[in-house]
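Enquirer: What follows is model18.txt; its format and atoms are compact mmCIF, C-alpha atoms and all ligand atoms.
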```txt
# COMPACT_ATOMS: atom_id res chain seq x y z
CA MET A 1 54.38 -109.70 -11.74
CA PRO A 2 52.59 -110.95 -8.63
CA GLN A 3 54.02 -114.25 -7.48
CA GLU A 4 53.27 -114.39 -3.84
CA GLY A 5 50.32 -116.40 -2.69
CA VAL A 6 50.61 -119.01 -5.44
CA ARG A 7 49.42 -122.46 -4.42
CA GLN A 8 52.24 -124.70 -3.27
CA SER A 9 53.49 -127.71 -5.24
CA SER A 10 51.01 -130.41 -5.93
CA GLN A 11 47.82 -128.41 -5.61
CA ALA A 12 49.04 -125.88 -8.12
CA ARG A 13 47.24 -125.40 -11.41
CA ILE A 14 49.18 -124.81 -14.57
CA ILE A 15 48.15 -123.59 -17.99
CA LEU A 16 50.35 -125.25 -20.59
CA GLY A 17 50.39 -123.04 -23.68
CA ILE A 18 51.69 -124.75 -26.79
CA GLY A 19 52.96 -122.75 -29.76
CA GLY A 20 53.18 -123.91 -33.36
CA GLY A 21 56.70 -125.24 -33.79
CA ILE A 22 58.32 -128.58 -34.52
CA ALA A 23 59.18 -128.91 -30.81
CA ALA A 24 55.44 -128.91 -29.99
CA TYR A 25 55.53 -132.71 -29.76
CA LYS A 26 57.76 -132.38 -26.66
CA SER A 27 54.93 -130.60 -24.85
CA ALA A 28 53.27 -133.99 -24.44
CA GLU A 29 56.23 -135.22 -22.40
CA LEU A 30 56.17 -131.99 -20.38
CA ALA A 31 52.45 -132.44 -19.68
CA ARG A 32 53.12 -136.02 -18.54
CA ILE A 33 55.85 -134.91 -16.09
CA LEU A 34 53.71 -132.09 -14.69
CA ILE A 35 50.75 -134.44 -14.15
CA GLN A 36 53.07 -136.96 -12.52
CA ARG A 37 54.15 -134.24 -10.07
CA GLY A 38 50.54 -133.78 -9.06
CA TYR A 39 49.81 -130.51 -10.84
CA SER A 40 46.61 -129.99 -12.72
CA VAL A 41 47.38 -129.03 -16.30
CA GLN A 42 45.09 -127.11 -18.66
CA PRO A 43 46.45 -127.32 -22.21
CA VAL A 44 45.91 -124.37 -24.53
CA MET A 45 47.10 -124.75 -28.11
CA THR A 46 47.47 -122.19 -30.84
CA ARG A 47 45.94 -123.11 -34.19
CA ALA A 48 49.43 -123.62 -35.61
CA ALA A 49 50.31 -125.97 -32.73
CA THR A 50 47.46 -128.29 -33.73
CA GLU A 51 49.25 -128.81 -37.07
CA PHE A 52 52.20 -130.34 -35.20
CA ILE A 53 50.51 -132.34 -32.45
CA THR A 54 46.89 -133.32 -32.00
CA PRO A 55 44.75 -131.95 -29.17
CA LEU A 56 43.71 -135.56 -28.53
CA THR A 57 47.25 -136.41 -27.34
CA LEU A 58 47.20 -133.57 -24.83
CA SER A 59 43.65 -134.21 -23.63
CA SER A 60 44.45 -137.91 -23.13
CA LEU A 61 47.48 -137.04 -20.97
CA THR A 62 45.87 -134.28 -18.94
CA HIS A 63 42.25 -135.52 -18.84
CA ARG A 64 41.21 -132.03 -19.84
CA LYS A 65 39.56 -130.63 -22.90
CA VAL A 66 42.16 -128.76 -24.87
CA ILE A 67 41.41 -125.14 -25.65
CA THR A 68 42.32 -124.19 -29.18
CA SER A 69 40.17 -121.23 -30.06
CA LEU A 70 38.53 -118.11 -28.68
CA PHE A 71 35.33 -118.95 -30.51
CA ALA A 72 33.15 -122.00 -30.78
CA SER A 73 34.10 -123.83 -33.93
CA GLY A 74 32.73 -127.30 -33.54
CA GLU A 75 35.35 -128.64 -35.95
CA ASP A 76 37.27 -130.60 -33.43
CA SER A 77 35.48 -132.84 -30.98
CA THR A 78 38.36 -132.68 -28.49
CA ALA A 79 38.48 -128.89 -28.46
CA VAL A 80 36.35 -127.09 -25.99
CA LEU A 81 33.82 -124.71 -27.48
CA SER A 82 35.04 -121.57 -25.82
CA SER A 83 32.60 -119.19 -24.28
CA ALA A 84 33.24 -115.50 -24.76
CA ILE A 85 34.79 -115.10 -21.31
CA GLU A 86 36.54 -118.42 -20.96
CA HIS A 87 39.95 -116.82 -21.38
CA ILE A 88 39.25 -114.78 -18.24
CA ASP A 89 38.12 -117.84 -16.26
CA VAL A 90 41.17 -119.83 -17.27
CA ALA A 91 43.43 -116.87 -16.41
CA LEU A 92 41.88 -116.48 -12.97
CA GLU A 93 41.80 -120.16 -12.05
CA ASN A 94 45.46 -120.95 -12.64
CA ASP A 95 48.72 -120.31 -10.80
CA LEU A 96 51.33 -120.50 -13.54
CA LEU A 97 51.39 -120.10 -17.31
CA ILE A 98 54.01 -122.16 -19.13
CA VAL A 99 54.46 -121.72 -22.84
CA ALA A 100 56.46 -124.51 -24.48
CA PRO A 101 57.43 -124.14 -27.20
CA ALA A 102 57.30 -120.34 -27.10
CA THR A 103 57.67 -119.36 -30.73
CA ALA A 104 59.10 -116.06 -31.98
CA ASP A 105 55.54 -115.09 -32.89
CA LEU A 106 54.18 -115.79 -29.39
CA MET A 107 57.04 -113.86 -27.77
CA ALA A 108 56.23 -110.92 -30.05
CA GLN A 109 52.51 -111.13 -29.24
CA PHE A 110 53.23 -111.25 -25.49
CA ALA A 111 55.77 -108.42 -25.63
CA HIS A 112 53.34 -106.19 -27.52
CA GLY A 113 50.17 -107.15 -25.70
CA LEU A 114 48.36 -108.53 -28.73
CA ALA A 115 45.22 -110.55 -28.24
CA GLY A 116 44.84 -112.45 -31.51
CA ASP A 117 43.88 -115.88 -30.24
CA PHE A 118 42.90 -117.67 -27.04
CA LEU A 119 46.46 -118.10 -25.71
CA ALA A 120 47.47 -114.46 -26.30
CA THR A 121 44.17 -113.09 -24.97
CA MET A 122 44.24 -115.27 -21.88
CA HIS A 123 47.90 -114.28 -21.34
CA LEU A 124 46.81 -110.63 -21.09
CA ALA A 125 44.25 -111.48 -18.43
CA PHE A 126 46.69 -113.65 -16.48
CA THR A 127 48.37 -112.01 -13.47
CA GLY A 128 50.51 -114.91 -12.20
CA PRO A 129 54.06 -115.89 -13.14
CA VAL A 130 54.80 -116.80 -16.76
CA LEU A 131 57.49 -119.29 -17.80
CA LEU A 132 58.53 -119.27 -21.43
CA ALA A 133 60.55 -122.06 -23.07
CA PRO A 134 61.50 -120.62 -26.46
CA ALA A 135 62.21 -122.82 -29.46
CA MET A 136 62.89 -121.59 -32.97
CA ASN A 137 65.44 -121.39 -35.75
CA THR A 138 68.77 -119.82 -34.63
CA ASN A 139 68.46 -116.83 -36.95
CA MET A 140 64.95 -116.15 -35.71
CA TRP A 141 66.19 -116.33 -32.10
CA ASN A 142 69.12 -114.01 -32.81
CA HIS A 143 67.01 -111.53 -34.79
CA ALA A 144 67.06 -108.07 -33.22
CA ALA A 145 63.25 -108.10 -32.99
CA THR A 146 63.15 -111.36 -31.01
CA GLN A 147 66.00 -110.21 -28.78
CA ALA A 148 64.20 -106.91 -28.14
CA ASN A 149 61.02 -108.81 -27.23
CA LEU A 150 63.08 -111.04 -24.93
CA ARG A 151 64.47 -107.96 -23.15
CA VAL A 152 60.99 -106.47 -22.72
CA LEU A 153 59.60 -109.71 -21.29
CA ARG A 154 62.58 -110.20 -18.97
CA GLU A 155 62.17 -106.66 -17.66
CA ARG A 156 58.53 -107.47 -16.92
CA GLY A 157 59.65 -110.39 -14.77
CA TYR A 158 58.87 -113.28 -17.16
CA HIS A 159 60.84 -116.44 -16.47
CA PHE A 160 62.76 -118.15 -19.25
CA VAL A 161 64.19 -121.61 -19.62
CA GLY A 162 66.41 -122.16 -22.66
CA PRO A 163 66.59 -122.18 -25.58
CA ASP A 164 69.39 -124.75 -25.65
CA ALA A 165 72.06 -124.88 -28.32
CA GLY A 166 72.45 -127.87 -30.64
CA ASP A 167 71.22 -129.40 -33.88
CA LEU A 168 67.96 -127.87 -34.96
CA ALA A 169 65.22 -129.48 -37.00
CA CYS A 170 65.84 -126.91 -39.75
CA GLY A 171 69.34 -128.34 -40.26
CA MET A 172 71.15 -125.46 -38.58
CA VAL A 173 73.26 -125.72 -35.46
CA GLY A 174 72.94 -123.09 -32.74
CA ALA A 175 70.69 -121.66 -30.07
CA GLY A 176 67.03 -122.45 -30.58
CA ARG A 177 66.29 -125.93 -29.23
CA LEU A 178 63.50 -126.36 -26.74
CA SER A 179 64.91 -127.19 -23.31
CA ASP A 180 64.49 -130.67 -21.98
CA PRO A 181 60.91 -131.13 -20.66
CA LEU A 182 62.34 -132.18 -17.28
CA GLU A 183 64.26 -128.93 -17.08
CA ILE A 184 61.14 -126.95 -17.95
CA ALA A 185 59.19 -128.84 -15.28
CA ASP A 186 61.95 -128.13 -12.73
CA ALA A 187 61.82 -124.42 -13.55
CA ALA A 188 58.03 -124.52 -13.07
CA THR A 189 58.35 -126.30 -9.72
CA ALA A 190 60.96 -123.77 -8.56
CA ILE A 191 58.61 -120.89 -9.39
CA LEU A 192 55.62 -122.53 -7.72
CA ASN A 193 57.56 -123.42 -4.57
CA GLY A 194 59.01 -119.95 -4.36
CA ARG A 195 62.72 -119.61 -4.93
CA GLN A 196 64.48 -121.85 -2.43
CA ASP A 197 67.88 -120.71 -3.59
CA LEU A 198 69.08 -119.89 -0.06
CA ALA A 199 68.23 -123.33 1.32
CA GLY A 200 71.11 -124.66 3.43
CA GLU A 201 72.32 -121.18 4.44
CA THR A 202 72.07 -119.83 7.97
CA ILE A 203 71.87 -116.05 7.82
CA LEU A 204 72.62 -114.01 10.91
CA ILE A 205 71.19 -110.50 10.61
CA THR A 206 71.37 -107.48 12.89
CA ALA A 207 68.65 -104.85 12.59
CA GLY A 208 67.25 -101.72 14.19
CA PRO A 209 68.92 -99.20 16.46
CA THR A 210 70.64 -99.81 19.77
CA GLN A 211 69.90 -97.94 22.97
CA GLU A 212 72.73 -96.84 25.24
CA ALA A 213 71.65 -95.90 28.74
CA ILE A 214 72.53 -92.51 30.23
CA ASP A 215 70.54 -93.28 33.36
CA PRO A 216 67.56 -95.55 34.11
CA VAL A 217 65.18 -93.36 32.05
CA ARG A 218 67.33 -91.75 29.36
CA MET A 219 69.33 -93.13 26.50
CA ILE A 220 71.26 -92.41 23.32
CA THR A 221 69.71 -93.98 20.22
CA ASN A 222 69.05 -93.20 16.55
CA ARG A 223 66.27 -93.10 13.96
CA SER A 224 66.66 -96.64 12.58
CA SER A 225 63.26 -98.32 12.14
CA GLY A 226 64.58 -101.84 11.53
CA LYS A 227 62.47 -102.11 8.35
CA MET A 228 65.41 -102.88 6.04
CA GLY A 229 66.82 -105.66 8.22
CA TYR A 230 63.39 -107.18 8.83
CA ALA A 231 62.64 -107.12 5.09
CA ILE A 232 65.87 -109.00 4.38
CA ALA A 233 65.08 -111.51 7.14
CA GLU A 234 61.57 -112.12 5.79
CA LYS A 235 62.71 -112.57 2.19
CA ALA A 236 65.61 -114.84 3.21
CA VAL A 237 63.24 -117.19 5.08
CA LYS A 238 60.96 -117.32 2.04
CA ARG A 239 63.99 -118.28 -0.06
CA GLY A 240 64.74 -121.24 2.19
CA ALA A 241 67.37 -119.88 4.61
CA ARG A 242 67.45 -120.35 8.36
CA VAL A 243 67.45 -116.80 9.70
CA ILE A 244 68.61 -115.58 13.12
CA LEU A 245 67.70 -111.93 13.63
CA VAL A 246 69.39 -110.00 16.42
CA SER A 247 67.23 -106.92 16.71
CA GLY A 248 67.41 -103.68 18.62
CA PRO A 249 64.14 -102.17 19.91
CA VAL A 250 61.75 -101.63 16.97
CA ALA A 251 57.99 -101.45 16.48
CA LEU A 252 57.89 -104.39 14.06
CA ALA A 253 56.47 -107.89 14.42
CA ALA A 254 58.89 -110.79 14.00
CA PRO A 255 58.66 -112.10 10.43
CA GLN A 256 57.29 -115.64 10.30
CA GLY A 257 59.91 -118.36 10.54
CA VAL A 258 62.66 -116.04 11.80
CA GLU A 259 64.48 -116.79 15.09
CA LEU A 260 64.33 -113.43 16.83
CA ILE A 261 66.73 -112.34 19.56
CA ARG A 262 65.75 -109.01 21.12
CA VAL A 263 68.48 -106.79 22.50
CA GLU A 264 68.82 -103.18 23.59
CA SER A 265 72.46 -102.10 23.79
CA ALA A 266 75.39 -102.49 21.40
CA GLU A 267 77.03 -104.75 23.99
CA GLN A 268 73.98 -107.07 24.07
CA MET A 269 73.85 -107.05 20.27
CA LYS A 270 77.52 -108.00 20.06
CA ASN A 271 76.95 -110.88 22.51
CA GLY A 272 73.88 -112.08 20.58
CA VAL A 273 75.87 -112.07 17.33
CA LEU A 274 78.96 -113.78 18.70
CA GLU A 275 76.83 -116.45 20.35
CA HIS A 276 75.30 -117.44 17.00
CA LEU A 277 78.23 -116.74 14.70
CA ASP A 278 79.43 -120.35 14.57
CA ALA A 279 76.10 -121.43 13.09
CA ALA A 280 76.06 -118.67 10.48
CA SER A 281 77.23 -119.04 6.89
CA ILE A 282 76.24 -115.45 6.06
CA PHE A 283 76.30 -112.34 8.27
CA ILE A 284 74.37 -109.22 7.26
CA SER A 285 74.97 -106.22 9.50
CA VAL A 286 72.01 -103.92 8.96
CA ALA A 287 71.71 -102.52 12.49
CA ALA A 288 72.48 -98.89 13.21
CA VAL A 289 74.69 -99.73 16.15
CA ALA A 290 75.61 -96.83 18.44
CA ASP A 291 79.28 -96.01 17.98
CA TYR A 292 79.57 -94.59 21.49
CA ARG A 293 77.94 -95.21 24.81
CA PRO A 294 78.03 -93.30 28.11
CA THR A 295 81.14 -94.34 30.02
CA SER A 296 79.37 -94.65 33.34
CA PRO A 297 75.58 -94.73 33.11
CA ALA A 298 74.05 -93.35 36.31
CA ASP A 299 72.27 -95.80 38.61
CA GLN A 300 69.66 -93.20 39.52
CA LYS A 301 67.91 -90.59 37.40
CA VAL A 302 70.25 -87.64 36.72
CA LYS A 303 68.82 -84.54 38.43
CA LYS A 304 68.56 -81.08 36.86
CA THR A 305 71.07 -79.46 39.18
CA ALA A 306 74.07 -78.60 36.99
CA SER A 307 73.99 -75.51 34.73
CA ARG A 308 75.93 -77.44 32.06
CA LEU A 309 76.12 -81.18 31.73
CA SER A 310 78.61 -83.26 29.76
CA ILE A 311 78.22 -86.94 29.22
CA GLU A 312 81.44 -88.80 28.69
CA LEU A 313 81.22 -91.43 25.94
CA GLU A 314 83.37 -94.41 25.10
CA PRO A 315 83.39 -96.43 21.88
CA THR A 316 81.29 -99.57 21.57
CA THR A 317 82.64 -102.67 19.87
CA ASP A 318 82.30 -102.51 16.09
CA ILE A 319 80.33 -105.76 15.68
CA LEU A 320 80.78 -105.94 11.93
CA ALA A 321 84.54 -105.40 12.15
CA GLU A 322 84.69 -108.08 14.84
CA VAL A 323 82.84 -110.55 12.59
CA GLY A 324 85.14 -109.48 9.73
CA ARG A 325 88.11 -110.52 11.84
CA ARG A 326 86.56 -113.96 12.42
CA LYS A 327 85.24 -114.22 8.86
CA GLY A 328 86.39 -117.71 7.81
CA ASP A 329 84.31 -118.94 4.85
CA ARG A 330 81.40 -116.70 5.76
CA ILE A 331 79.94 -114.14 3.44
CA VAL A 332 79.93 -110.86 5.34
CA ILE A 333 77.76 -107.93 4.29
CA GLY A 334 77.89 -104.48 5.87
CA PHE A 335 75.77 -101.39 5.47
CA ALA A 336 77.08 -97.86 5.21
CA ALA A 337 74.68 -95.11 6.16
CA GLU A 338 76.13 -91.92 4.77
CA THR A 339 75.07 -88.34 4.28
CA GLN A 340 77.72 -87.82 1.56
CA ASN A 341 80.49 -89.60 -0.47
CA LEU A 342 78.43 -92.78 -0.72
CA ALA A 343 80.69 -94.87 -2.99
CA ALA A 344 84.02 -93.79 -1.43
CA GLU A 345 82.81 -94.38 2.14
CA GLY A 346 81.27 -97.71 1.14
CA LYS A 347 84.55 -98.85 -0.41
CA ARG A 348 86.50 -97.75 2.67
CA LYS A 349 84.21 -99.74 4.99
CA LEU A 350 84.36 -102.76 2.65
CA GLU A 351 88.13 -102.88 3.21
CA SER A 352 88.37 -101.78 6.82
CA LYS A 353 85.69 -104.22 8.05
CA ASN A 354 86.73 -107.13 5.79
CA CYS A 355 83.32 -107.41 4.06
CA ASP A 356 82.38 -109.09 0.78
CA MET A 357 79.83 -106.40 0.04
CA VAL A 358 78.74 -103.07 1.47
CA VAL A 359 75.26 -101.74 0.91
CA ALA A 360 75.65 -97.98 0.93
CA ASN A 361 72.60 -95.81 1.44
CA LEU A 362 72.05 -92.11 1.77
CA VAL A 363 70.48 -91.05 5.02
CA GLY A 364 68.84 -87.65 5.03
CA PRO A 365 68.20 -85.00 7.63
CA ASN A 366 64.64 -86.17 8.25
CA GLY A 367 65.35 -89.85 8.51
CA THR A 368 65.21 -90.78 4.80
CA GLY A 369 66.72 -94.22 4.33
CA PHE A 370 66.27 -94.94 8.03
CA GLU A 371 62.60 -94.56 8.79
CA GLY A 372 60.80 -94.72 5.44
CA ASP A 373 59.36 -97.70 3.56
CA ASP A 374 61.59 -97.05 0.55
CA ASN A 375 65.32 -97.10 0.12
CA GLU A 376 67.86 -96.34 -2.59
CA VAL A 377 71.20 -98.11 -2.32
CA VAL A 378 74.49 -98.83 -4.05
CA LEU A 379 75.93 -102.35 -3.79
CA ILE A 380 79.72 -102.21 -3.51
CA THR A 381 81.79 -105.36 -3.94
CA ARG A 382 85.48 -105.98 -4.60
CA ASP A 383 85.24 -107.34 -8.12
CA LYS A 384 82.32 -105.59 -9.77
CA GLU A 385 81.45 -102.02 -10.58
CA PRO A 386 79.20 -100.50 -7.91
CA GLN A 387 75.60 -101.43 -8.67
CA ALA A 388 73.05 -98.67 -8.09
CA ILE A 389 69.60 -99.94 -7.10
CA PRO A 390 67.05 -97.22 -7.83
CA LYS A 391 64.54 -96.14 -5.21
CA ALA A 392 62.19 -98.99 -4.35
CA ALA A 393 60.29 -100.53 -1.45
CA LYS A 394 62.62 -102.02 1.16
CA ARG A 395 61.23 -105.50 0.38
CA GLU A 396 62.31 -105.03 -3.24
CA ILE A 397 65.73 -103.73 -2.17
CA ALA A 398 65.98 -106.83 0.08
CA ARG A 399 65.49 -109.04 -2.97
CA HIS A 400 68.34 -107.31 -4.81
CA ILE A 401 70.62 -107.63 -1.80
CA LEU A 402 69.88 -111.36 -1.46
CA ASP A 403 70.41 -111.87 -5.20
CA ALA A 404 73.84 -110.23 -4.79
CA VAL A 405 74.57 -112.41 -1.73
CA LEU A 406 73.72 -115.47 -3.80
CA ASP A 407 76.08 -114.27 -6.57
CA LEU A 408 78.85 -113.96 -3.98
CA ARG A 409 78.10 -117.48 -2.72
CA LEU A 410 78.20 -118.91 -6.26
CA SER A 411 81.50 -117.15 -7.08
CA ALA A 412 83.00 -118.31 -3.77
CA ARG A 413 82.00 -121.88 -4.62
CA ALA A 414 83.40 -121.59 -8.14
CA ALA A 415 86.70 -120.18 -6.77
CA LYS A 416 87.02 -123.18 -4.43
CA ARG A 417 86.76 -125.69 -7.24
N1 LIG B 501 78.45 -101.48 12.77
C1 LIG B 501 78.57 -102.44 13.75
N2 LIG B 501 78.92 -102.09 15.02
C2 LIG B 501 79.17 -100.81 15.32
C3 LIG B 501 79.05 -99.82 14.34
C4 LIG B 501 78.70 -100.17 13.06
O1 LIG B 501 78.34 -103.63 13.47
N3 LIG B 501 79.51 -100.50 16.58
C5 LIG B 501 78.12 -101.88 11.39
C6 LIG B 501 76.76 -101.44 10.91
O2 LIG B 501 75.78 -102.41 11.18
C7 LIG B 501 76.99 -101.29 9.42
C8 LIG B 501 78.45 -100.90 9.31
O3 LIG B 501 79.04 -101.29 10.55
O4 LIG B 501 76.84 -102.53 8.77
C9 LIG B 501 78.71 -99.45 9.08
O5 LIG B 501 78.05 -98.66 9.99
P1 LIG B 501 78.14 -97.07 9.88
O6 LIG B 501 77.44 -96.49 11.04
O7 LIG B 501 77.72 -96.65 8.51
O8 LIG B 501 79.67 -96.83 9.93
P2 LIG B 501 80.69 -96.65 11.10
O9 LIG B 501 81.66 -97.77 11.06
O10 LIG B 501 79.98 -96.41 12.39
O11 LIG B 501 81.48 -95.36 10.59
P3 LIG B 501 81.02 -93.83 10.59
O12 LIG B 501 79.98 -93.69 11.65
O13 LIG B 501 82.28 -93.14 10.86
O14 LIG B 501 80.50 -93.57 9.20
```
In structure tokens, write the structure found in this file.

Expert:
Amino acid sequence: MPQEGVRQSSQARIILGIGGGIAAYKSAELARILIQRGYSVQPVMTRAATEFITPLTLSSLTHRKVITSLFASGEDSTAVLSSAIEHIDVALENDLLIVAPATADLMAQFAHGLAGDFLATMHLAFTGPVLLAPAMNTNMWNHAATQANLRVLRERGYHFVGPDAGDLACGMVGAGRLSDPLEIADAATAILNGRQDLAGETILITAGPTQEAIDPVRMITNRSSGKMGYAIAEKAVKRGARVILVSGPVALAAPQGVELIRVESAEQMKNGVLEHLDAASIFISVAAVADYRPTSPADQKVKKTASRLSIELEPTTDILAEVGRRKGDRIVIGFAAETQNLAAEGKRKLESKNCDMVVANLVGPNGTGFEGDDNEVVLITRDKEPQAIPKAAKREIARHILDAVLDLRLSARAAKR
């Protein structure tokens, strides 16, 4: 579901869909909070919702005509007389669709793409993020059909808040209560502002290849494009982190908001990392650092005189292992580029380099995993089963990696308590 490019905070426009349930009265409070935060709010009510709360309440709070029907009815002076394409206009003009309360019926309509009334039809034409706040009887919530619809909608990237557990209007106790309007508004703000869940973190990232000089014009390097590391850096900034990117030579522009340190050799990369390590709360080692470098690079161009030529190599510093030794409270993530035995090699590097997670990826003979726009990885941690992330764009893989980093941060915090 496209979420980038939504208007930020107070200029954002929200459609507030209201389903027909007892909790519908709470949508008035939600509308009030959203208006107070400076959002413009367009209420859309299902016919059933109007039995629980009057459109007049919502139009008074939002200063908007409330949309209740696909067709002109003329019955209700506060309801707008919808034109045939109004659902498209409303869908195009707004940044976020909230449905509160989202009834079992609305969830089913959304999951199955039905277009029975204005809200459901407009929902189909809407391409922005959708936030559902379900409210219903516990048995209805637990019903296999509702749970299946929930799974479908989650898989499509819909956001959910609640339902909460507690006393329900029907007399039962259990899951099904509409979340607090403030909580729903907070979830909406978080979506509109982009997820700022990495705010407060300083993430030090290495990316790209290194170049090890043989002589002034020749070098040893590898096929790394830097795309994976740059994608992580870009996403991390968008999620609120301060990002320091120590990058080998690549043909990529610095992502906006990232502090970029350009280096060439493994030695320079190590120095760049160690210089900024104190500031970092998270280290992600994506770079394809050369394991060896020529022992004594020639000062002048090597001439074609010898019939055979050997270049003596010596190991470079393993930057990740070095950071692992100085780990402290940091979360340390390594990569493992392998041509075989992905999981076993990933696990070995997790231990030997003292990482919290290793992202293992297959690299192929023609640069797959290194040069392409897509990647396919396995996330290996100490406590969980390896998590395979199917082939996807590197930006999408970056999101999964940062989600896993956040999980590690939350578990580390919980363990400290
Ligand atoms: N790495 C590093 N410094 C090095 C070599 C590797 O920081 N001198 C990091 C990489 O950034 C990556 C991880 O170590 O996060 C694993 O790199 P990889 O090349 O897969 O493994 P190696 O340790 O070099 O082992 P091998 O080449 O034997 O597979």

Enquirer: Produce the centre coordinates and the three edge lengths, each in Å to one decimal, of the box along x, y and z that contains all listed atoms of ligand LIG 501 (chain B) with 6 Å added on each side, as JSON.

Expert:
```
{"center_x": 79.0, "center_y": -98.4, "center_z": 12.5, "size_x": 18.5, "size_y": 22.5, "size_z": 20.1}
```

Enquirer: Which residues of chain A come within 6 Å of ligand LIG 501 (chain B), and for each one, what is the closest pair of atoms and their distance in Å to one decimal, counting all atoms listed in the file, sorted by chain and residue number, as a tab-separated table?

Expert:
```
residue	atom	partner	partner_atom	distance
A:Ser285	CA	B:LIG501	O4	4.2
A:Val286	CA	B:LIG501	O2	4.6
A:Ala287	CA	B:LIG501	O2	4.3
A:Ala288	CA	B:LIG501	O2	5.2
A:Val289	CA	B:LIG501	C2	4.7
A:Ala290	CA	B:LIG501	N3	5.7
A:Asp291	CA	B:LIG501	N3	4.7
A:Thr316	CA	B:LIG501	N3	5.4
A:Thr317	CA	B:LIG501	N3	5.0
A:Asp318	CA	B:LIG501	N3	3.5
A:Ile319	CA	B:LIG501	O1	3.7
A:Leu320	CA	B:LIG501	O1	3.7
A:Gly334	CA	B:LIG501	O4	3.6
A:Phe335	CA	B:LIG501	O4	3.7
A:Ala336	CA	B:LIG501	O7	3.6
A:Ala337	CA	B:LIG501	O7	4.1
```

Enquirer: Do a neighbour search on Gly113 of chain A at 8 Å with all atoms listed in the file, toss out local chain neighbours closer than 4 positions, and write the hits as an MDAnalysis selection string.

Expert: chainID A and resid 109 120 124

Enquirer: What does the distance from atom CA of Ile14 of chain A to atom CA of Tyr39 of chain A come to in Å, to one decimal?

Expert: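 Separation of atom CA of Ile14 of chain A and atom CA of Tyr39 of chain A: 6.8 Å.
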
Enquirer: Find the residues near Arg13 of chain A: any atom within 9 Å, counting all atoms listed in the file, skip ones fewer than 6 places away on the same chain, and give them as a list in words.

Expert: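 That gives Arg7, Tyr39, Ser40, Val41, Gln42, Glu93, Asn94, Asp95, Leu96 and Leu97 of chain A.
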
Enquirer: Would you kindly identify which residues have an atom no farther than 10 Å from (82.3, -107.5, 13.7), using all atoms listed in the file and the file's own coordinates, and write them out as a VMD selection string?

Expert: chain A and resid 270 273 to 274 283 285 317 to 327 332 334 353 to 355

Enquirer: When you draw a straight line from atom CA of Arg293 of chain A to atom CA of Arg308 of chain A, how long is it in Å?

Expert: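 Between atom CA of Arg293 of chain A and atom CA of Arg308 of chain A the gap works out to 19.3 Å.
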
Enquirer: Taking only C-alpha atoms into account, which of A:Gly272, A:Gly226, A:Gly346, A:Pro163 comes nearest Phe370 of chain A?

Expert: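 Result for the nearest residue to Phe370 of chain A: A:Gly226.
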
Enquirer: One decimal, in Å: what's the spacing between atom CA of Thr202 of chain A and atom CA of Arg399 of chain A?

Expert: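 Computing it gives 16.7 Å between the two atoms.
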
Enquirer: Find, counting all atoms listed in the file, the residue in A:Val378, A:Gln256, A:Pro315, A:Gln36 that gets nearest to Ala344 of chain A.

Expert: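 That would be A:Val378, the residue with the smallest distance to Ala344 of chain A.
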
Enquirer: Could you tell me which of A:Asn375, A:Thr46, A:Asn271, A:Ser27 comes closest to Asp117 of chain A if we count all atoms listed in the file?

Expert: A:Thr46

Enquirer: Around (58.2, -107.9, 26.4) in the file's frame, which residues reach within 12 Å when counting all atoms listed in the file? Return as a PDB file with C-alpha atoms, in the frame of the given file?

Expert:
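Dumped everything to point_37.pdb:
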```
ATOM      1  CA  PRO A 249      64.140-102.170  19.910  1.00  0.00           C
ATOM      2  CA  VAL A 250      61.750-101.630  16.970  1.00  0.00           C
ATOM      3  CA  ALA A 251      57.990-101.450  16.480  1.00  0.00           C
ATOM      4  CA  ILE A 261      66.730-112.340  19.560  1.00  0.00           C
ATOM      5  CA  ARG A 262      65.750-109.010  21.120  1.00  0.00           C
ATOM      6  CA  VAL A 263      68.480-106.790  22.500  1.00  0.00           C
ATOM      7  CA  GLU A 264      68.820-103.180  23.590  1.00  0.00           C
TER       8      GLU A 264
END
```
